[in-house]
Amino acid sequence: MGTVGVGLTMSLDGFIAGPNDSVEHIFDWYASGDTEVTVPSGTMTVKVSSASATYLQEVYTTIGALVMGRRTFDLTNGWDGRHPVDAPVFVVTHNVPEDWVREHPDAPFTFVTEGVESAVAQAQSVAGEKNVGVGAASLAQQCINAGLLDEIHVDLAPCLLGDGIRLFEHLGVTPLNLEIAKVVAAPAVTHITYHVVERGGQA
Ligand SMILES: NC(=O)c1ccc[n+]([C@@H]2O[C@H](COP(=O)([O-])OP(=O)(O)OC[C@H]3O[C@@H](n4cnc5c(N)ncnc54)[C@H](OP(=O)(O)O)[C@@H]3O)[C@@H](O)[C@H]2O)c1
C-alpha cells in the first residue's frame, strides 16, 4: 500500500490561502521558470524551474487518489470537472451536491459523508500501491489528529501573507515529531517532505 500524505503550498508564515481565500503570491512558483509541465489531466501547463519540474513529475506519477475538502471543491467548481492530477477524488462533505453537473462523466468524483477516515480508506483501496494525497487545511488537520498521515509535503512559498487559512492549527496531538525526508531547494519555492515518525491518533 502507498503512503497517505498532505501536499500543499504554504507561505513562510504558515498560510495556504490569504484573506477571503485569496491565493495571491502562494502559487507564483507555478509560473516562475522555463520548464513546461503539463498536468496529467492535460488541462493546464505550468512553467517552473527544472528542479520543481522533476519534483512535480514524481508527485504526478505516484499519486493514485486524492481526498479533498468540500470548500476547495466548491471554490474550484470541482476543478471544472477534472482534477489536474487526474486521479479519483474523494470529496469529504456533509451534503452531497445533487445539482453538480459532471462535465466529464469519466472523471471519478466520490462524495463521502462518513468523515475523513472513511474517505482515506476508500482512497487507499482505489490507489493500491500508489499514494493518497490529502488537501486542504481542514482535512490535513483532521488527518493529523486521527493519526492517518505518513507524510507531510510542504511547498514553502517565499511570501508572508499575515492572515488567512492556517495549515497547522486546531491540532490536538502536538507536540508531534517529524523527520525531514527530502528537501528540494528550487529557485522560487522550497519543496520539503517530512515523515511522520510519531502518530497522533486522537480522532
Ligand atoms: N495552498 C494550497 O496548496 C491549497 C490547495 C488547495 C486549497 N487551498 C485553499 O484552501 C482553502 C480551503 O481549505 P479549507 O481547509 O478551508 O477547506 P477544505 O478542507 O477544502 O473543506 C472543508 C469543508 O469540507 C467539509 N468537511 C471537512 N471535514 C468534514 C468531515 N469530517 N465531515 C463532513 N464534511 C467535512 C465541510 O464542508 P461542508 O460542511 O460544506 O460539507 C468543510 O467546510 C481555500 O482557500 C483554497 O483556495 C490551498
# chains A, B, ... in the order shown; residues from 1 in each chain; ligands from 1

$ residues_near_ligand --ligand "ligand 1" --cutoff "7 Å" --atoms "only C-alpha atoms and all ligand atoms" --output "PDB file with C-alpha atoms, in the first residue's frame"
ATOM      1  CA  GLY A   7       0.609  18.148  -0.048  1.00  0.00           C
ATOM      2  CA  LEU A   8       0.053  21.906  -0.057  1.00  0.00           C
ATOM      3  CA  THR A   9       1.766  25.165  -0.873  1.00  0.00           C
ATOM      4  CA  MET A  10       2.244  27.231   2.283  1.00  0.00           C
ATOM      5  CA  ILE A  16      -2.279  28.059   2.491  1.00  0.00           C
ATOM      6  CA  ALA A  17      -4.545  30.927   1.444  1.00  0.00           C
ATOM      7  CA  ASP A  21      -9.431  32.557   0.132  1.00  0.00           C
ATOM      8  CA  SER A  22      -7.003  34.649  -1.914  1.00  0.00           C
ATOM      9  CA  VAL A  23      -4.126  32.641  -3.370  1.00  0.00           C
ATOM     10  CA  ILE A  26       1.047  31.476  -2.974  1.00  0.00           C
ATOM     11  CA  MET A  68     -10.204  16.820  -0.733  1.00  0.00           C
ATOM     12  CA  GLY A  69     -12.482  19.110   1.283  1.00  0.00           C
ATOM     13  CA  ARG A  70     -15.807  20.473   0.108  1.00  0.00           C
ATOM     14  CA  ARG A  71     -14.701  24.112   0.331  1.00  0.00           C
ATOM     15  CA  THR A  72     -11.859  23.544  -2.109  1.00  0.00           C
ATOM     16  CA  PHE A  73     -14.235  21.594  -4.328  1.00  0.00           C
ATOM     17  CA  LEU A  75     -14.080  27.215  -4.776  1.00  0.00           C
ATOM     18  CA  VAL A  92     -15.410  14.975   2.194  1.00  0.00           C
ATOM     19  CA  THR A  93     -18.659  16.810   2.809  1.00  0.00           C
ATOM     20  CA  HIS A  94     -21.762  16.925   4.985  1.00  0.00           C
ATOM     21  CA  ASN A  95     -24.050  17.202   1.943  1.00  0.00           C
ATOM     22  CA  THR A 113     -20.297  11.954   4.163  1.00  0.00           C
ATOM     23  CA  GLU A 114     -18.853   9.494   6.717  1.00  0.00           C
ATOM     24  CA  GLY A 115     -15.801  11.581   7.587  1.00  0.00           C
ATOM     25  CA  VAL A 116     -12.105  11.740   6.820  1.00  0.00           C
ATOM     26  CA  GLY A 135      -5.919  18.668   0.971  1.00  0.00           C
ATOM     27  CA  ALA A 136      -6.718  21.251   2.233  1.00  0.00           C
ATOM     28  CA  ALA A 137      -6.239  22.701   5.747  1.00  0.00           C
ATOM     29  CA  SER A 138      -9.325  21.324   7.467  1.00  0.00           C
ATOM     30  CA  LEU A 139      -8.717  17.808   6.159  1.00  0.00           C
ATOM     31  CA  ILE A 165      -6.155  29.990   6.366  1.00  0.00           C
TER      32      ILE A 165
END

$ select_by_dssp --residues "range 38-170 of chain A" --states "alpha helix (DSSP H)" --output "ChimeraX atom specification"
/A:50-62,70-75,116-127,137-145

$ write_last_selection --atoms "N, CA, C and O atoms" --output "short mmCIF file (atom, residue, chain, number, x, y, z; two decimals), in the first residue's frame"
data_model
loop_
_atom_site.label_atom_id
_atom_site.label_comp_id
_atom_site.auth_asym_id
_atom_site.auth_seq_id
_atom_site.Cartn_x
_atom_site.Cartn_y
_atom_site.Cartn_z
N SER A 50 13.60 23.69 -13.41
CA SER A 50 13.80 22.26 -13.70
C SER A 50 13.72 21.44 -12.42
O SER A 50 13.22 20.31 -12.43
N ALA A 51 14.15 22.01 -11.30
CA ALA A 51 14.07 21.27 -10.02
C ALA A 51 12.62 21.03 -9.62
O ALA A 51 12.24 19.92 -9.22
N SER A 52 11.78 22.05 -9.78
CA SER A 52 10.36 21.89 -9.45
C SER A 52 9.67 20.96 -10.45
O SER A 52 8.77 20.20 -10.08
N ALA A 53 10.10 21.01 -11.72
CA ALA A 53 9.50 20.13 -12.72
C ALA A 53 9.74 18.66 -12.36
O ALA A 53 8.82 17.84 -12.43
N THR A 54 10.95 18.34 -11.95
CA THR A 54 11.27 16.95 -11.57
C THR A 54 10.43 16.55 -10.36
O THR A 54 9.88 15.44 -10.30
N TYR A 55 10.31 17.47 -9.41
CA TYR A 55 9.51 17.21 -8.20
C TYR A 55 8.05 16.95 -8.58
O TYR A 55 7.44 15.98 -8.13
N LEU A 56 7.49 17.82 -9.44
CA LEU A 56 6.08 17.67 -9.83
C LEU A 56 5.84 16.36 -10.58
O LEU A 56 4.84 15.67 -10.33
N GLN A 57 6.76 16.02 -11.49
CA GLN A 57 6.56 14.78 -12.26
C GLN A 57 6.52 13.58 -11.33
O GLN A 57 5.75 12.64 -11.54
N GLU A 58 7.35 13.61 -10.29
CA GLU A 58 7.36 12.49 -9.34
C GLU A 58 6.03 12.42 -8.60
O GLU A 58 5.46 11.35 -8.42
N VAL A 59 5.54 13.60 -8.18
CA VAL A 59 4.23 13.63 -7.49
C VAL A 59 3.15 13.08 -8.40
O VAL A 59 2.35 12.22 -8.01
N TYR A 60 3.13 13.56 -9.65
CA TYR A 60 2.06 13.17 -10.58
C TYR A 60 2.07 11.66 -10.86
O TYR A 60 1.02 11.06 -11.04
N THR A 61 3.24 11.08 -10.91
CA THR A 61 3.28 9.65 -11.26
C THR A 61 3.03 8.75 -10.04
O THR A 61 2.76 7.56 -10.22
N THR A 62 3.12 9.31 -8.84
CA THR A 62 2.97 8.44 -7.66
C THR A 62 1.61 8.60 -6.96
O THR A 62 1.29 7.81 -6.07
N ARG A 70 -14.71 19.90 0.90
CA ARG A 70 -15.81 20.47 0.11
C ARG A 70 -15.58 21.95 -0.24
O ARG A 70 -16.01 22.41 -1.29
N ARG A 71 -14.92 22.69 0.65
CA ARG A 71 -14.70 24.11 0.33
C ARG A 71 -13.80 24.25 -0.89
O ARG A 71 -14.06 25.05 -1.78
N THR A 72 -12.75 23.47 -0.94
CA THR A 72 -11.86 23.54 -2.11
C THR A 72 -12.60 23.10 -3.36
O THR A 72 -12.46 23.69 -4.43
N PHE A 73 -13.42 22.06 -3.20
CA PHE A 73 -14.23 21.59 -4.33
C PHE A 73 -15.12 22.73 -4.84
O PHE A 73 -15.18 23.00 -6.05
N ASP A 74 -15.80 23.42 -3.91
CA ASP A 74 -16.72 24.50 -4.32
C ASP A 74 -15.96 25.68 -4.94
O ASP A 74 -16.37 26.24 -5.95
N LEU A 75 -14.84 26.05 -4.29
CA LEU A 75 -14.08 27.21 -4.78
C LEU A 75 -13.52 27.00 -6.18
O LEU A 75 -13.34 27.95 -6.94
N VAL A 116 -13.43 11.81 7.45
CA VAL A 116 -12.11 11.74 6.82
C VAL A 116 -11.54 10.32 6.81
O VAL A 116 -10.93 9.90 5.82
N GLU A 117 -11.72 9.60 7.91
CA GLU A 117 -11.14 8.24 7.96
C GLU A 117 -11.72 7.37 6.87
O GLU A 117 -11.00 6.60 6.22
N SER A 118 -13.03 7.47 6.66
CA SER A 118 -13.68 6.69 5.61
C SER A 118 -13.16 7.11 4.24
O SER A 118 -12.88 6.27 3.38
N ALA A 119 -13.01 8.42 4.04
CA ALA A 119 -12.53 8.92 2.74
C ALA A 119 -11.12 8.41 2.46
O ALA A 119 -10.80 7.99 1.34
N VAL A 120 -10.26 8.46 3.48
CA VAL A 120 -8.89 7.99 3.29
C VAL A 120 -8.88 6.48 3.00
O VAL A 120 -8.16 6.01 2.10
N ALA A 121 -9.70 5.73 3.70
CA ALA A 121 -9.75 4.27 3.47
C ALA A 121 -10.23 3.96 2.06
O ALA A 121 -9.67 3.10 1.37
N GLN A 122 -11.25 4.69 1.60
CA GLN A 122 -11.76 4.47 0.24
C GLN A 122 -10.70 4.85 -0.80
O GLN A 122 -10.52 4.16 -1.80
N ALA A 123 -10.01 5.96 -0.53
CA ALA A 123 -8.96 6.40 -1.46
C ALA A 123 -7.83 5.39 -1.51
O ALA A 123 -7.31 5.07 -2.59
N GLN A 124 -7.45 4.84 -0.36
CA GLN A 124 -6.37 3.85 -0.33
C GLN A 124 -6.74 2.59 -1.12
O GLN A 124 -5.89 2.02 -1.80
N SER A 125 -8.00 2.20 -1.01
CA SER A 125 -8.39 0.96 -1.71
C SER A 125 -8.35 1.17 -3.23
O SER A 125 -8.07 0.23 -3.97
N VAL A 126 -8.59 2.39 -3.68
CA VAL A 126 -8.52 2.67 -5.12
C VAL A 126 -7.07 2.89 -5.55
O VAL A 126 -6.66 2.46 -6.63
N ALA A 127 -6.27 3.54 -4.70
CA ALA A 127 -4.89 3.88 -5.05
C ALA A 127 -3.99 2.65 -5.10
O ALA A 127 -3.00 2.64 -5.83
N ALA A 137 -6.64 22.54 4.35
CA ALA A 137 -6.24 22.70 5.75
C ALA A 137 -7.10 21.89 6.71
O ALA A 137 -6.59 21.16 7.57
N SER A 138 -8.41 22.00 6.55
CA SER A 138 -9.32 21.32 7.47
C SER A 138 -9.09 19.82 7.46
O SER A 138 -9.03 19.17 8.51
N LEU A 139 -8.92 19.26 6.26
CA LEU A 139 -8.72 17.81 6.16
C LEU A 139 -7.34 17.41 6.67
O LEU A 139 -7.17 16.37 7.31
N ALA A 140 -6.34 18.24 6.37
CA ALA A 140 -5.00 17.95 6.86
C ALA A 140 -5.00 17.88 8.38
O ALA A 140 -4.43 16.96 8.98
N GLN A 141 -5.67 18.84 8.99
CA GLN A 141 -5.70 18.88 10.47
C GLN A 141 -6.41 17.65 11.03
O GLN A 141 -5.94 17.04 12.00
N GLN A 142 -7.52 17.27 10.42
CA GLN A 142 -8.25 16.08 10.91
C GLN A 142 -7.41 14.82 10.72
O GLN A 142 -7.41 13.92 11.58
N CYS A 143 -6.69 14.73 9.60
CA CYS A 143 -5.84 13.56 9.36
C CYS A 143 -4.70 13.50 10.37
O CYS A 143 -4.34 12.41 10.85
N ILE A 144 -4.11 14.65 10.68
CA ILE A 144 -3.03 14.67 11.67
C ILE A 144 -3.58 14.22 13.02
O ILE A 144 -3.01 13.37 13.70
N ASN A 145 -4.73 14.77 13.40
CA ASN A 145 -5.32 14.43 14.69
C ASN A 145 -5.73 12.96 14.78
O ASN A 145 -5.69 12.36 15.86
#

$ atom_distance --atom1 "CA of Trp100 in chain A" --atom2 "CA of Leu167 in chain A"
27.8 Å

$ atom_distance --atom1 "CA of Glu179 in chain A" --atom2 "CA of His195 in chain A"
5.0 Å

$ select_by_dssp --residues "range 38-197 of chain A" --states "strand (DSSP E)" --output "PyMOL selection string"
chain A and resi 38+45-48+63-69+89-92+109-112+131-134+151-157+165-166+178-185+190-196

$ residues_around --residues "Gly33 in chain A" --least-positions-apart "4" --cutoff "9 Å" --atoms "only C-alpha atoms" --output "list in words"
Trp29, Val46, Lys47, Val48, Ser49, Ser50, Ser52, Pro187 and Ala188 of chain A

$ write_last_selection --atoms "N, CA, C and O atoms" --output "PDB file, in the first residue's frame"
ATOM      1  N   TRP A  29       5.061  30.265  -7.793  1.00  0.00           N
ATOM      2  CA  TRP A  29       6.148  29.370  -8.235  1.00  0.00           C
ATOM      3  C   TRP A  29       5.737  28.517  -9.442  1.00  0.00           C
ATOM      4  O   TRP A  29       6.601  28.035 -10.179  1.00  0.00           O
ATOM      5  N   VAL A  46       2.107  24.371 -16.641  1.00  0.00           N
ATOM      6  CA  VAL A  46       2.787  25.324 -15.767  1.00  0.00           C
ATOM      7  C   VAL A  46       4.218  25.485 -16.252  1.00  0.00           C
ATOM      8  O   VAL A  46       4.729  24.648 -17.000  1.00  0.00           O
ATOM      9  N   LYS A  47       4.850  26.596 -15.838  1.00  0.00           N
ATOM     10  CA  LYS A  47       6.241  26.837 -16.228  1.00  0.00           C
ATOM     11  C   LYS A  47       7.056  27.043 -14.959  1.00  0.00           C
ATOM     12  O   LYS A  47       6.919  28.069 -14.288  1.00  0.00           O
ATOM     13  N   VAL A  48       7.842  26.047 -14.636  1.00  0.00           N
ATOM     14  CA  VAL A  48       8.562  26.047 -13.369  1.00  0.00           C
ATOM     15  C   VAL A  48      10.061  25.827 -13.609  1.00  0.00           C
ATOM     16  O   VAL A  48      10.489  25.602 -14.741  1.00  0.00           O
ATOM     17  N   SER A  49      10.837  25.884 -12.537  1.00  0.00           N
ATOM     18  CA  SER A  49      12.260  25.578 -12.647  1.00  0.00           C
ATOM     19  C   SER A  49      12.432  24.087 -12.937  1.00  0.00           C
ATOM     20  O   SER A  49      11.508  23.289 -12.712  1.00  0.00           O
ATOM     21  N   SER A  50      13.598  23.686 -13.409  1.00  0.00           N
ATOM     22  CA  SER A  50      13.796  22.257 -13.705  1.00  0.00           C
ATOM     23  C   SER A  50      13.716  21.435 -12.422  1.00  0.00           C
ATOM     24  O   SER A  50      13.217  20.308 -12.426  1.00  0.00           O
ATOM     25  N   SER A  52      11.780  22.050  -9.781  1.00  0.00           N
ATOM     26  CA  SER A  52      10.359  21.887  -9.448  1.00  0.00           C
ATOM     27  C   SER A  52       9.670  20.962 -10.447  1.00  0.00           C
ATOM     28  O   SER A  52       8.768  20.201 -10.084  1.00  0.00           O
ATOM     29  N   PRO A 187      14.487  27.520  -7.144  1.00  0.00           N
ATOM     30  CA  PRO A 187      14.681  28.974  -7.047  1.00  0.00           C
ATOM     31  C   PRO A 187      13.484  29.739  -6.471  1.00  0.00           C
ATOM     32  O   PRO A 187      13.667  30.727  -5.767  1.00  0.00           O
ATOM     33  N   ALA A 188      12.247  29.291  -6.753  1.00  0.00           N
ATOM     34  CA  ALA A 188      11.085  30.090  -6.344  1.00  0.00           C
ATOM     35  C   ALA A 188      10.243  29.429  -5.263  1.00  0.00           C
ATOM     36  O   ALA A 188       9.172  29.959  -4.903  1.00  0.00           O
TER      37      ALA A 188
END

$ closest_residue --among "A:Leu66, A:Ile152, A:Val173, A:Ala157" --to "Tyr194 in chain A" --atoms "only C-alpha atoms"
A:Ile152

$ residues_around --residues "Gly42 in chain A" --least-positions-apart "5" --cutoff "10 Å" --atoms "only C-alpha atoms" --output "list in words"
Val37, Arg82, His83, Pro84, Val85 and Asp86 of chain A

$ write_last_selection --atoms "N, CA and C atoms" --output "PDB file, in the first residue's frame"
ATOM      1  N   VAL A  37       5.529  21.988 -17.695  1.00  0.00           N
ATOM      2  CA  VAL A  37       4.984  20.718 -17.200  1.00  0.00           C
ATOM      3  C   VAL A  37       3.480  20.754 -17.450  1.00  0.00           C
ATOM      4  N   ARG A  82     -12.568  18.086 -13.723  1.00  0.00           N
ATOM      5  CA  ARG A  82     -11.460  17.134 -13.850  1.00  0.00           C
ATOM      6  C   ARG A  82     -10.296  17.659 -13.028  1.00  0.00           C
ATOM      7  N   HIS A  83      -9.886  16.911 -11.991  1.00  0.00           N
ATOM      8  CA  HIS A  83      -8.759  17.380 -11.180  1.00  0.00           C
ATOM      9  C   HIS A  83      -7.475  17.332 -12.006  1.00  0.00           C
ATOM     10  N   PRO A  84      -6.603  18.351 -11.870  1.00  0.00           N
ATOM     11  CA  PRO A  84      -5.364  18.365 -12.663  1.00  0.00           C
ATOM     12  C   PRO A  84      -4.533  17.086 -12.536  1.00  0.00           C
ATOM     13  N   VAL A  85      -4.536  16.475 -11.366  1.00  0.00           N
ATOM     14  CA  VAL A  85      -3.739  15.253 -11.168  1.00  0.00           C
ATOM     15  C   VAL A  85      -4.382  14.052 -11.868  1.00  0.00           C
ATOM     16  N   ASP A  86      -5.664  14.190 -12.228  1.00  0.00           N
ATOM     17  CA  ASP A  86      -6.390  13.174 -12.989  1.00  0.00           C
ATOM     18  C   ASP A  86      -6.473  11.830 -12.261  1.00  0.00           C
TER      19      ASP A  86
END

$ closest_residue --among "A:Pro108, A:Asp155, A:Val101, A:Gly172" --to "Thr193 in chain A" --atoms "only C-alpha atoms"
A:Asp155

$ closest_residue --among "A:Leu156, A:Gly133, A:Asn20, A:Gly78" --to "Phe111 in chain A" --atoms "only C-alpha atoms"
A:Gly78

$ closest_residue --among "A:Thr174, A:Ser11, A:Ser32, A:Thr110" --to "Cys159 in chain A" --atoms "only C-alpha atoms"
A:Ser11

$ atom_distance --atom1 "CA of Val132 in chain A" --atom2 "CA of Glu198 in chain A"
19.1 Å

$ decode --residues "range 75-95 of chain A" --atoms "N, CA, C and O atoms" --output "mmCIF file, in the first residue's frame"
data_model
loop_
_atom_site.group_PDB
_atom_site.id
_atom_site.type_symbol
_atom_site.label_atom_id
_atom_site.label_comp_id
_atom_site.auth_asym_id
_atom_site.auth_seq_id
_atom_site.Cartn_x
_atom_site.Cartn_y
_atom_site.Cartn_z
ATOM 1 N N LEU A 75 -14.838 26.053 -4.294
ATOM 2 C CA LEU A 75 -14.080 27.215 -4.776
ATOM 3 C C LEU A 75 -13.519 26.996 -6.178
ATOM 4 O O LEU A 75 -13.337 27.945 -6.939
ATOM 5 N N THR A 76 -13.242 25.749 -6.519
ATOM 6 C CA THR A 76 -12.665 25.452 -7.843
ATOM 7 C C THR A 76 -13.719 24.971 -8.836
ATOM 8 O O THR A 76 -13.362 24.546 -9.939
ATOM 9 N N ASN A 77 -15.001 25.014 -8.402
ATOM 10 C CA ASN A 77 -16.075 24.448 -9.230
ATOM 11 C C ASN A 77 -15.739 23.008 -9.614
ATOM 12 O O ASN A 77 -15.846 22.612 -10.773
ATOM 13 N N GLY A 78 -15.336 22.261 -8.596
ATOM 14 C CA GLY A 78 -14.977 20.858 -8.852
ATOM 15 C C GLY A 78 -13.866 20.725 -9.877
ATOM 16 O O GLY A 78 -13.882 19.820 -10.711
ATOM 17 N N TRP A 79 -12.876 21.637 -9.789
ATOM 18 C CA TRP A 79 -11.749 21.657 -10.724
ATOM 19 C C TRP A 79 -12.269 21.618 -12.157
ATOM 20 O O TRP A 79 -11.687 20.977 -13.042
ATOM 21 N N ASP A 80 -13.413 22.300 -12.350
ATOM 22 C CA ASP A 80 -14.075 22.320 -13.658
ATOM 23 C C ASP A 80 -14.306 20.908 -14.199
ATOM 24 O O ASP A 80 -14.291 20.680 -15.417
ATOM 25 N N GLY A 81 -14.506 19.999 -13.271
ATOM 26 C CA GLY A 81 -14.922 18.654 -13.682
ATOM 27 C C GLY A 81 -13.811 17.636 -13.773
ATOM 28 O O GLY A 81 -14.077 16.442 -13.900
ATOM 29 N N ARG A 82 -12.568 18.086 -13.723
ATOM 30 C CA ARG A 82 -11.460 17.134 -13.850
ATOM 31 C C ARG A 82 -10.296 17.659 -13.028
ATOM 32 O O ARG A 82 -9.758 18.720 -13.318
ATOM 33 N N HIS A 83 -9.886 16.911 -11.991
ATOM 34 C CA HIS A 83 -8.759 17.380 -11.180
ATOM 35 C C HIS A 83 -7.475 17.332 -12.006
ATOM 36 O O HIS A 83 -7.267 16.370 -12.763
ATOM 37 N N PRO A 84 -6.603 18.351 -11.870
ATOM 38 C CA PRO A 84 -5.364 18.365 -12.663
ATOM 39 C C PRO A 84 -4.533 17.086 -12.536
ATOM 40 O O PRO A 84 -3.899 16.658 -13.509
ATOM 41 N N VAL A 85 -4.536 16.475 -11.366
ATOM 42 C CA VAL A 85 -3.739 15.253 -11.168
ATOM 43 C C VAL A 85 -4.382 14.052 -11.868
ATOM 44 O O VAL A 85 -3.739 13.041 -12.118
ATOM 45 N N ASP A 86 -5.664 14.190 -12.228
ATOM 46 C CA ASP A 86 -6.390 13.174 -12.989
ATOM 47 C C ASP A 86 -6.473 11.830 -12.261
ATOM 48 O O ASP A 86 -6.415 10.770 -12.896
ATOM 49 N N ALA A 87 -6.584 11.910 -10.951
ATOM 50 C CA ALA A 87 -6.763 10.699 -10.137
ATOM 51 C C ALA A 87 -8.172 10.750 -9.544
ATOM 52 O O ALA A 87 -8.782 11.822 -9.478
ATOM 53 N N PRO A 88 -8.716 9.619 -9.111
ATOM 54 C CA PRO A 88 -10.018 9.638 -8.441
ATOM 55 C C PRO A 88 -10.001 10.567 -7.233
ATOM 56 O O PRO A 88 -9.038 10.570 -6.456
ATOM 57 N N VAL A 89 -11.058 11.375 -7.078
ATOM 58 C CA VAL A 89 -11.124 12.346 -5.984
ATOM 59 C C VAL A 89 -12.262 11.977 -5.037
ATOM 60 O O VAL A 89 -13.395 11.772 -5.468
ATOM 61 N N PHE A 90 -11.940 11.913 -3.747
ATOM 62 C CA PHE A 90 -12.934 11.669 -2.708
ATOM 63 C C PHE A 90 -13.135 12.986 -1.962
ATOM 64 O O PHE A 90 -12.203 13.480 -1.312
ATOM 65 N N VAL A 91 -14.322 13.565 -2.105
ATOM 66 C CA VAL A 91 -14.613 14.878 -1.521
ATOM 67 C C VAL A 91 -15.373 14.673 -0.217
ATOM 68 O O VAL A 91 -16.484 14.129 -0.208
ATOM 69 N N VAL A 92 -14.766 15.118 0.890
ATOM 70 C CA VAL A 92 -15.410 14.975 2.194
ATOM 71 C C VAL A 92 -16.388 16.128 2.394
ATOM 72 O O VAL A 92 -16.020 17.295 2.249
ATOM 73 N N THR A 93 -17.623 15.787 2.690
ATOM 74 C CA THR A 93 -18.659 16.810 2.809
ATOM 75 C C THR A 93 -19.775 16.329 3.729
ATOM 76 O O THR A 93 -19.907 15.129 3.981
ATOM 77 N N HIS A 94 -20.567 17.286 4.213
ATOM 78 C CA HIS A 94 -21.762 16.925 4.985
ATOM 79 C C HIS A 94 -22.948 16.697 4.067
ATOM 80 O O HIS A 94 -23.904 16.034 4.438
ATOM 81 N N ASN A 95 -22.907 17.281 2.864
ATOM 82 C CA ASN A 95 -24.050 17.202 1.943
ATOM 83 C C ASN A 95 -23.566 16.958 0.517
ATOM 84 O O ASN A 95 -22.766 17.737 -0.005
#
